[in-house]
Number of protein chains: 4
Amino acid sequence: MRFFSDNAAAACPEVMAAIAEANRIDAAYDGDAWSARLDGALSDLFERPVETLWVSTGTAANGLALAALCPPYGGIVCHRVAHIEVDECGGPEFYTGGARLLLCEGRGAKLAPDAVEALIAEIRPDVHQVQARALSITNATEYGRVYTDAETAALGALARARGLGFHIDGARFANAVASQSCTPADLTWRAGADALSFGFTKNGGMSAECLVFFTPGLAAAAGYRRKRAGHLLSKGRYLAAQILALLEDDLWLRNARAANGAAARLAQAAGADRLLHPVEANEMFIRVTAAEAAALRARGFDFYDWGPGEARLVTSWDSDPAHVDALAEAIRVL
Amino acid sequence: MRFFSDNAAAACPEVMAAIAEANRIDAAYDGDAWSARLDGALSDLFERPVETLWVSTGTAANGLALAALCPPYGGIVCHRVAHIEVDECGGPEFYTGGARLLLCEGRGAKLAPDAVEALIAEIRPDVHQVQARALSITNATEYGRVYTDAETAALGALARARGLGFHIDGARFANAVASQSCTPADLTWRAGADALSFGFTKNGGMSAECLVFFTPGLAAAAGYRRKRAGHLLSKGRYLAAQILALLEDDLWLRNARAANGAAARLAQAAGADRLLHPVEANEMFIRVTAAEAAALRARGFDFYDWGPGEARLVTSWDSDPAHVDALAEAIRVL
Amino acid sequence: MRFFSDNAAAACPEVMAAIAEANRIDAAYDGDAWSARLDGALSDLFERPVETLWVSTGTAANGLALAALCPPYGGIVCHRVAHIEVDECGGPEFYTGGARLLLCEGRGAKLAPDAVEALIAEIRPDVHQVQARALSITNATEYGRVYTDAETAALGALARARGLGFHIDGARFANAVASQSCTPADLTWRAGADALSFGFTKNGGMSAECLVFFTPGLAAAAGYRRKRAGHLLSKGRYLAAQILALLEDDLWLRNARAANGAAARLAQAAGADRLLHPVEANEMFIRVTAAEAAALRARGFDFYDWGPGEARLVTSWDSDPAHVDALAEAIRVL
Amino acid sequence: MRFFSDNAAAACPEVMAAIAEANRIDAAYDGDAWSARLDGALSDLFERPVETLWVSTGTAANGLALAALCPPYGGIVCHRVAHIEVDECGGPEFYTGGARLLLCEGRGAKLAPDAVEALIAEIRPDVHQVQARALSITNATEYGRVYTDAETAALGALARARGLGFHIDGARFANAVASQSCTPADLTWRAGADALSFGFTKNGGMSAECLVFFTPGLAAAAGYRRKRAGHLLSKGRYLAAQILALLEDDLWLRNARAANGAAARLAQAAGADRLLHPVEANEMFIRVTAAEAAALRARGFDFYDWGPGEARLVTSWDSDPAHVDALAEAIRVL
């Protein structure tokens, strides 16, 4: 019973059907009808003209976004546990040509304007020090917290005031939207974001992420960068088809709601004392003894340890309700 | 009727079945059973232990291979029309951190040892000039020619003598093997190659290439580079499954033979006078007047112009025999 | 008797005096009075506000200029024998983060607009190919030719029309100016140049070059790049002092005229038949048999062979008139 | 009265004389007699064969050393206040092609093996995280502390055990040696160091640092990197001459002893309560109120504030004894 990562989930039936459909068509690179529709579909979703690039991984989307927003000699403010810092093997450095991540603290992997301001204030404004040029947050965060539209807008205002490009790593953006009543637009460009790595792979896709540029003029250069990084797939129609299938009839939101709902059930079972962070999306971090963790595993639940005495459990669009119920019960009786 | 690129072909049924199968399994990144089998399957094929990395594009495979073989301050000898020079938007420069392509001439996009030696002889052996550190050939070439095992070995001997890493861009390696009686081993490591970008996407895959290292010790660093470049897909099982499906029962060879056979029929129809290069794989370059090209297009044949008075026609594993016959006839009556 | 390179010449007395003077002052990096005066002194010379950065080598100046004008995924049009191509070990690739040099032909190492246009016309305007983003010429050229203001302006107009940044490698800019009646302004920004690597080292300096930006806004980023490349010397006052000393009372022009005059005397002695290129600055390329070259060397003249049957002879600000006369005579009697 | 940086000190008379001498000789790049002697002179000093490269800044020396020891996808363990982290504008990232600095804590800017081990232990040994590949320490440190030979050797043993390249930023290596009884060899290769950035600029040079490789085979690649970074000065003889002049008769040690002695006198005056760190080299960090700092400045002493309530005072080879005495007295009476 898989709770170790939404990365390992299956592609949902609609995505598989779209891939099968894309297999009937001749077109190379992004010269297909699906790719042509992508900008429009996402412009509709975000209620404004956007420019988009499909890629197959979040690391690529993040790297391309950061290269668009930060020069090689600049710094990117992010959380100490941000995926771009701890899980991409230096992808941002590679894509930007040597920019530096400037690490900020914050509970639940969330950044607050105060902390960002304090970090920037420590940098001498001269050529000897790496100057902050971009800000990157993850929504939902690596600890399953979400930024509200107001929180995002506060960071966006800071970014504008400080001349920072503003990027959102949305590997679980769907889960962040699904957990709130505000819109994708509210959580991005209305809050000042320049670019979003919009994740679909964890949410029912096979291998498809969408880099969305809200600020005009950034996409053209990113298109060249995507090509030279080897991310312009020669049969890109399969990627575009996945994304369109997930956008269709808000499937992406329904998938995310399913994952969030499962996590909420687990959180209720765990109880506040056991939770390391409020469960707002599809990840739960709990305190467990080694014995408790072993007991859960003995019952067939697969999950990651997250430091001593802590565990991470992740639900996904296809989390089996029976497995979720069983896990909830198992946690309850720990 | 598509003859403009094998890049646009469908994925073959066995690949689609493998993808469907991979959709039933839980595993993240390359932690799945298919990925685990890849080294073994390719070691069998190449008759020696090899280390492999799946990636989703040839540009990524080439970039990773070249980064493994050439330092940032080195040069990579390749043909003037090599894909790495003309069709990857500077991918090699990006992956290597600024190495330079050193361009060599040769008919049919083939390099001969004499030409490579002459190019190297022009380089002053001092720190002011970029020194050749790697050699990259494409087999089958960008003009549909193939290197024999002997021709490859002659270049391999040169590479060894000159201290050059030796890379083969095998986007159409299957077609090169299928057109000859020698083995994959003969065309690679027995001939001195260090690394092969083994293409599957043009040959019945959806989006899957396999970077094969023959020289021990290169794969570990390439694994880190793949990750930071965003090419370690979180659901890599779909890629591994494609490759294994194509290796199974030599499907890759059967697919390539089908494509080569179709091109041979077209070549026979075209006749020697019209051919710009001997047709040895699945690409045909012919002389056509603008009127002739228009006539072919009017009949529904889709292909690329390739300079004034020249056209490229590419067959693929799924070229419809009826389309091929129709095109052969249409060319014959031009 | 040195005629092998102006690179090897001494620093002139005024420069040595300025260095001694700079040794009396306390200041770190570019916080000294000389550095502070540099922008003004060069703005005066160029008859408009410019921003400048001292560096210690032409390779650094060129790299910083090109990084300011060309993105990592772009191409830099230059001559096949340009110093940035043949003598900087990939410096432009290093500084730009992997841009590519796009090589153009032209007699005497000079580029003509037609040739540049033809090269650009060959590039498909899509993301698969490296697009031209900058143009770099060398004045005086690597073969001792000079661009006139009109020739430069023609290239500048092309650059503007094609959206290319326009850089001039002026390692021997002084010699180019000294050989003509037009002004430094005429040969640079009035002709459309964005940046000039203004060389002083070959012209009486010890180790000092000045990167001059005519286009506002480029210098700030270049300042960060200079620092991270290790070219912000901690005792920069010695560099600024050298440049100011050479600008004082047009010493740079007098030095260049001395070098040019010596070369002209040699050219007259050589005669038109022997000259491979018109001698317009301080370099002379001549046809010599191996026996003739040996004869010259036997008499104590030191110079470089420049391919079979060819030799390069370079004069400098400090070429001893007696040596020049002796060489002229020796060439005459060959 | 300058106490703000040894960076601003004059070049010592012997260095100025050597520069004048170098001005009499013809030679380009590193083809001069001084450059040719450098390896030998430093091999003598270090009691083993070493390979060396002159450069004009410590940032360049550090960048070249780190590029030799750490791949682009690796990490460099260093102190949080290391010069490479806080004062080189991302130079290490630029030179290595995107490696990451992994920051470690330690009093007085010193690293201890325990802290380094703890940092490495936190890194998951997989391709998702940047793996430590090099260790860089600064001796004397940025807070004026020194590593003993035993302390260095403990770090060297750790480096060897963990497969890390070991670099020493010796911008003030002379001061570190001068403060102890052990030899340059003891503090470097005998302690396991692969490379040393040996600083001369702060210690009586004009602009000259020496990158010393103890591990055979590293210098060749660094030579290419130096060239493409624009640090192979065309008149390198002036740099080599400076270094040789400072090595002659241990002038470098005498200069460093002078600076250290001046700092010791200041430290005695300050007293233990005021000192933030023991004064072991030529830097003193003290607690001062704003009023006290103002009082010192009113008397003509120039120095840096170093955070609130703290000041840095730096002596140099040419600190005027009268100034030092005056400052000591001024501190005493605060």
# chains A, B, ... in the order shown; residues from 1 in each chain; ligands from 1
>>> interface_residues(of="chain D", to="chain B", cutoff="10 Å", atoms="only C-alpha atoms", output="MDAnalysis selection string")
chainID D and resid 71:74 95:98 126:131 220:228 232
>>> write_last_selection(atoms="N, CA and C atoms", output="PDB file, in the first residue's frame")
ATOM      1  N   PRO D  71      33.802  18.592  -9.485  1.00  0.00           N
ATOM      2  CA  PRO D  71      33.058  18.622 -10.752  1.00  0.00           C
ATOM      3  C   PRO D  71      31.869  19.580 -10.646  1.00  0.00           C
ATOM      4  N   PRO D  72      31.289  19.952 -11.781  1.00  0.00           N
ATOM      5  CA  PRO D  72      30.175  20.906 -11.780  1.00  0.00           C
ATOM      6  C   PRO D  72      28.999  20.456 -10.924  1.00  0.00           C
ATOM      7  N   TYR D  73      28.845  19.169 -10.775  1.00  0.00           N
ATOM      8  CA  TYR D  73      27.692  18.643 -10.033  1.00  0.00           C
ATOM      9  C   TYR D  73      28.038  18.341  -8.581  1.00  0.00           C
ATOM     10  N   GLY D  74      29.209  18.761  -8.141  1.00  0.00           N
ATOM     11  CA  GLY D  74      29.630  18.451  -6.787  1.00  0.00           C
ATOM     12  C   GLY D  74      29.463  19.625  -5.843  1.00  0.00           C
ATOM     13  N   TYR D  95      33.635  29.316 -11.958  1.00  0.00           N
ATOM     14  CA  TYR D  95      34.783  28.531 -12.406  1.00  0.00           C
ATOM     15  C   TYR D  95      34.497  27.037 -12.485  1.00  0.00           C
ATOM     16  N   THR D  96      33.696  26.539 -11.560  1.00  0.00           N
ATOM     17  CA  THR D  96      33.427  25.097 -11.564  1.00  0.00           C
ATOM     18  C   THR D  96      32.317  24.724 -12.536  1.00  0.00           C
ATOM     19  N   GLY D  97      31.573  25.698 -13.015  1.00  0.00           N
ATOM     20  CA  GLY D  97      30.432  25.381 -13.859  1.00  0.00           C
ATOM     21  C   GLY D  97      29.218  24.987 -13.058  1.00  0.00           C
ATOM     22  N   GLY D  98      29.090  25.577 -11.861  1.00  0.00           N
ATOM     23  CA  GLY D  98      27.844  25.370 -11.124  1.00  0.00           C
ATOM     24  C   GLY D  98      27.919  24.450  -9.924  1.00  0.00           C
ATOM     25  N   ASP D 126      22.726   9.939  -2.822  1.00  0.00           N
ATOM     26  CA  ASP D 126      22.059   9.564  -4.066  1.00  0.00           C
ATOM     27  C   ASP D 126      22.195  10.717  -5.056  1.00  0.00           C
ATOM     28  N   VAL D 127      21.705  10.540  -6.266  1.00  0.00           N
ATOM     29  CA  VAL D 127      21.918  11.561  -7.300  1.00  0.00           C
ATOM     30  C   VAL D 127      21.029  12.777  -7.125  1.00  0.00           C
ATOM     31  N   HIS D 128      20.082  12.719  -6.176  1.00  0.00           N
ATOM     32  CA  HIS D 128      19.190  13.856  -5.999  1.00  0.00           C
ATOM     33  C   HIS D 128      19.862  14.990  -5.236  1.00  0.00           C
ATOM     34  N   GLN D 129      20.871  14.646  -4.469  1.00  0.00           N
ATOM     35  CA  GLN D 129      21.510  15.678  -3.652  1.00  0.00           C
ATOM     36  C   GLN D 129      22.943  15.941  -4.133  1.00  0.00           C
ATOM     37  N   VAL D 130      23.359  17.167  -3.948  1.00  0.00           N
ATOM     38  CA  VAL D 130      24.729  17.554  -4.295  1.00  0.00           C
ATOM     39  C   VAL D 130      25.680  16.888  -3.304  1.00  0.00           C
ATOM     40  N   GLN D 131      26.564  16.065  -3.807  1.00  0.00           N
ATOM     41  CA  GLN D 131      27.501  15.352  -2.950  1.00  0.00           C
ATOM     42  C   GLN D 131      28.761  16.190  -2.730  1.00  0.00           C
ATOM     43  N   ALA D 220      47.882  20.845 -15.478  1.00  0.00           N
ATOM     44  CA  ALA D 220      47.728  20.951 -16.931  1.00  0.00           C
ATOM     45  C   ALA D 220      46.340  21.487 -17.282  1.00  0.00           C
ATOM     46  N   ALA D 221      45.324  20.872 -16.730  1.00  0.00           N
ATOM     47  CA  ALA D 221      43.965  21.343 -17.016  1.00  0.00           C
ATOM     48  C   ALA D 221      43.783  22.774 -16.517  1.00  0.00           C
ATOM     49  N   ALA D 222      44.364  23.078 -15.364  1.00  0.00           N
ATOM     50  CA  ALA D 222      44.228  24.429 -14.824  1.00  0.00           C
ATOM     51  C   ALA D 222      44.867  25.464 -15.751  1.00  0.00           C
ATOM     52  N   GLY D 223      45.886  25.062 -16.471  1.00  0.00           N
ATOM     53  CA  GLY D 223      46.508  25.964 -17.423  1.00  0.00           C
ATOM     54  C   GLY D 223      45.538  26.384 -18.526  1.00  0.00           C
ATOM     55  N   TYR D 224      44.765  25.449 -19.022  1.00  0.00           N
ATOM     56  CA  TYR D 224      43.745  25.797 -20.022  1.00  0.00           C
ATOM     57  C   TYR D 224      42.663  26.675 -19.404  1.00  0.00           C
ATOM     58  N   ARG D 225      42.255  26.310 -18.221  1.00  0.00           N
ATOM     59  CA  ARG D 225      41.211  27.112 -17.566  1.00  0.00           C
ATOM     60  C   ARG D 225      41.698  28.541 -17.300  1.00  0.00           C
ATOM     61  N   ARG D 226      42.957  28.670 -16.881  1.00  0.00           N
ATOM     62  CA  ARG D 226      43.494  30.016 -16.651  1.00  0.00           C
ATOM     63  C   ARG D 226      43.452  30.839 -17.925  1.00  0.00           C
ATOM     64  N   LYS D 227      43.814  30.211 -19.030  1.00  0.00           N
ATOM     65  CA  LYS D 227      43.847  30.945 -20.293  1.00  0.00           C
ATOM     66  C   LYS D 227      42.449  31.415 -20.671  1.00  0.00           C
ATOM     67  N   ARG D 228      41.475  30.521 -20.632  1.00  0.00           N
ATOM     68  CA  ARG D 228      40.136  30.899 -21.096  1.00  0.00           C
ATOM     69  C   ARG D 228      39.454  31.860 -20.131  1.00  0.00           C
ATOM     70  N   LEU D 232      45.843  34.400 -18.139  1.00  0.00           N
ATOM     71  CA  LEU D 232      47.204  34.218 -18.638  1.00  0.00           C
ATOM     72  C   LEU D 232      47.645  35.564 -19.193  1.00  0.00           C
TER      73      LEU D 232
END
>>> residues_around(residues="Thr315 of chain C", least_positions_apart="6", cutoff="8 Å", atoms="only C-alpha atoms", output="PDB file with N, CA, C and O atoms, in the first residue's frame")
ATOM      1  N   PHE C   3      60.618  41.208 -33.112  1.00  0.00           N
ATOM      2  CA  PHE C   3      59.504  41.537 -33.999  1.00  0.00           C
ATOM      3  C   PHE C   3      58.440  40.445 -33.933  1.00  0.00           C
ATOM      4  O   PHE C   3      57.623  40.326 -34.815  1.00  0.00           O
ATOM      5  N   SER C   5      56.194  39.938 -31.352  1.00  0.00           N
ATOM      6  CA  SER C   5      54.896  40.341 -30.807  1.00  0.00           C
ATOM      7  C   SER C   5      54.997  41.644 -30.043  1.00  0.00           C
ATOM      8  O   SER C   5      55.965  41.876 -29.315  1.00  0.00           O
ATOM      9  N   ASP C   6      53.984  42.473 -30.211  1.00  0.00           N
ATOM     10  CA  ASP C   6      53.884  43.668 -29.382  1.00  0.00           C
ATOM     11  C   ASP C   6      53.459  43.307 -27.956  1.00  0.00           C
ATOM     12  O   ASP C   6      53.568  44.122 -27.035  1.00  0.00           O
ATOM     13  N   ALA C 259      54.620  52.713 -33.554  1.00  0.00           N
ATOM     14  CA  ALA C 259      54.572  51.318 -34.003  1.00  0.00           C
ATOM     15  C   ALA C 259      54.135  51.234 -35.456  1.00  0.00           C
ATOM     16  O   ALA C 259      54.728  50.507 -36.266  1.00  0.00           O
ATOM     17  N   ASN C 260      53.111  51.981 -35.802  1.00  0.00           N
ATOM     18  CA  ASN C 260      52.625  51.964 -37.186  1.00  0.00           C
ATOM     19  C   ASN C 260      53.696  52.462 -38.154  1.00  0.00           C
ATOM     20  O   ASN C 260      53.884  51.913 -39.238  1.00  0.00           O
ATOM     21  N   ALA C 262      56.910  52.346 -37.847  1.00  0.00           N
ATOM     22  CA  ALA C 262      57.949  51.329 -38.026  1.00  0.00           C
ATOM     23  C   ALA C 262      57.481  50.255 -39.001  1.00  0.00           C
ATOM     24  O   ALA C 262      58.241  49.807 -39.880  1.00  0.00           O
ATOM     25  N   ALA C 263      56.227  49.850 -38.844  1.00  0.00           N
ATOM     26  CA  ALA C 263      55.700  48.822 -39.747  1.00  0.00           C
ATOM     27  C   ALA C 263      55.650  49.336 -41.178  1.00  0.00           C
ATOM     28  O   ALA C 263      55.924  48.593 -42.137  1.00  0.00           O
ATOM     29  N   ASN C 282      50.363  47.920 -37.256  1.00  0.00           N
ATOM     30  CA  ASN C 282      51.714  47.599 -36.802  1.00  0.00           C
ATOM     31  C   ASN C 282      52.093  46.135 -37.024  1.00  0.00           C
ATOM     32  O   ASN C 282      52.955  45.613 -36.330  1.00  0.00           O
ATOM     33  N   GLU C 283      51.392  45.493 -37.948  1.00  0.00           N
ATOM     34  CA  GLU C 283      51.748  44.108 -38.258  1.00  0.00           C
ATOM     35  C   GLU C 283      51.999  43.971 -39.752  1.00  0.00           C
ATOM     36  O   GLU C 283      51.286  44.557 -40.567  1.00  0.00           O
TER      37      GLU C 283
END
>>> closest_residue(among="C:Val15, C:Leu211, C:Leu119, C:Ala20", to="Gly63 of chain C", atoms="only C-alpha atoms")
C:Leu211
>>> residues_around(residues="Asp30 of chain B", least_positions_apart="3", cutoff="7 Å", atoms="only C-alpha atoms", output="JSON, numbers by chain")
{"B": [35, 236, 237]}
>>> write_last_selection(atoms="N, CA and C atoms", output="PDB file, in the first residue's frame")
ATOM      1  N   SER B  35      13.825  -0.416 -15.036  1.00  0.00           N
ATOM      2  CA  SER B  35      15.100   0.314 -15.009  1.00  0.00           C
ATOM      3  C   SER B  35      16.223  -0.594 -14.512  1.00  0.00           C
ATOM      4  N   GLY B 236      10.287   7.015 -14.311  1.00  0.00           N
ATOM      5  CA  GLY B 236      11.181   6.523 -15.347  1.00  0.00           C
ATOM      6  C   GLY B 236      10.798   5.145 -15.860  1.00  0.00           C
ATOM      7  N   ARG B 237       9.946   4.472 -15.110  1.00  0.00           N
ATOM      8  CA  ARG B 237       9.593   3.119 -15.546  1.00  0.00           C
ATOM      9  C   ARG B 237       8.990   3.107 -16.944  1.00  0.00           C
TER      10      ARG B 237
END
>>> select_by_dssp(residues="segment 77-272 of chain A", states="strand (DSSP E)", output="PyMOL selection string")
chain A and resi 77-79+100-104+131-138+165-170+195-199+209-213
>>> closest_residue(among="B:Lys235, B:His323, B:His167, B:Arg107", to="Leu276 of chain B", atoms="only C-alpha atoms")
B:Arg107
>>> closest_residue(among="C:Arg332, C:Leu155, C:Lys110, C:Ala65", to="Ala272 of chain C", atoms="only C-alpha atoms")
C:Arg332
>>> residues_around(residues="Asn7 of chain B", least_positions_apart="6", cutoff="7 Å", atoms="only C-alpha atoms", output="list in words")
Ala28, Ser234 and Lys235 of chain A; Lys202 of chain B
>>> select_by_dssp(residues="segment 234-277 of chain A", states="alpha helix (DSSP H)", output="number ranges by chain")
A: 237-247, 251-270
>>> write_last_selection(atoms="C-alpha atoms", output="PDB file, in the first residue's frame")
ATOM      1  CA  ARG A 237       2.383  15.710 -28.644  1.00  0.00           C
ATOM      2  CA  TYR A 238       2.282  13.039 -25.946  1.00  0.00           C
ATOM      3  CA  LEU A 239       3.134  15.634 -23.318  1.00  0.00           C
ATOM      4  CA  ALA A 240       0.717  18.268 -24.527  1.00  0.00           C
ATOM      5  CA  ALA A 241      -2.022  15.654 -24.718  1.00  0.00           C
ATOM      6  CA  GLN A 242      -1.489  14.679 -21.090  1.00  0.00           C
ATOM      7  CA  ILE A 243      -1.746  18.240 -19.898  1.00  0.00           C
ATOM      8  CA  LEU A 244      -4.846  18.977 -21.948  1.00  0.00           C
ATOM      9  CA  ALA A 245      -6.483  15.806 -20.694  1.00  0.00           C
ATOM     10  CA  LEU A 246      -5.887  16.880 -17.127  1.00  0.00           C
ATOM     11  CA  LEU A 247      -7.173  20.387 -17.767  1.00  0.00           C
ATOM     12  CA  LEU A 251      -9.753  16.719 -13.947  1.00  0.00           C
ATOM     13  CA  TRP A 252      -6.562  18.136 -12.411  1.00  0.00           C
ATOM     14  CA  LEU A 253      -8.634  19.635  -9.603  1.00  0.00           C
ATOM     15  CA  ARG A 254     -10.664  16.516  -9.033  1.00  0.00           C
ATOM     16  CA  ASN A 255      -7.498  14.451  -8.859  1.00  0.00           C
ATOM     17  CA  ALA A 256      -5.979  16.869  -6.393  1.00  0.00           C
ATOM     18  CA  ARG A 257      -9.106  16.920  -4.276  1.00  0.00           C
ATOM     19  CA  ALA A 258      -9.034  13.154  -4.082  1.00  0.00           C
ATOM     20  CA  ALA A 259      -5.450  13.220  -2.879  1.00  0.00           C
ATOM     21  CA  ASN A 260      -6.088  16.041  -0.429  1.00  0.00           C
ATOM     22  CA  GLY A 261      -9.190  14.325   0.906  1.00  0.00           C
ATOM     23  CA  ALA A 262      -7.274  11.151   1.584  1.00  0.00           C
ATOM     24  CA  ALA A 263      -4.596  13.077   3.431  1.00  0.00           C
ATOM     25  CA  ALA A 264      -7.233  14.871   5.460  1.00  0.00           C
ATOM     26  CA  ARG A 265      -8.696  11.549   6.569  1.00  0.00           C
ATOM     27  CA  LEU A 266      -5.263  10.390   7.640  1.00  0.00           C
ATOM     28  CA  ALA A 267      -4.628  13.627   9.484  1.00  0.00           C
ATOM     29  CA  GLN A 268      -7.849  13.280  11.409  1.00  0.00           C
ATOM     30  CA  ALA A 269      -6.852   9.784  12.390  1.00  0.00           C
ATOM     31  CA  ALA A 270      -3.409  10.911  13.452  1.00  0.00           C
TER      32      ALA A 270
END
>>> atom_distance(atom1="atom CA of Cys78 of chain A", atom2="atom CA of Leu111 of chain A")
7.6 Å
>>> residues_around(residues="Ile84 of chain A", least_positions_apart="6", cutoff="10 Å", atoms="only C-alpha atoms", output="PyMOL selection string")
(chain A and resi 58-59+62-63+66+78+90-93+101+136-138+169) or (chain B and resi 228) or (chain D and resi 129)
>>> closest_residue(among="A:Asn23, A:Asp114, A:Gly170, A:Cys70", to="His83 of chain A", atoms="only C-alpha atoms")
A:Gly170
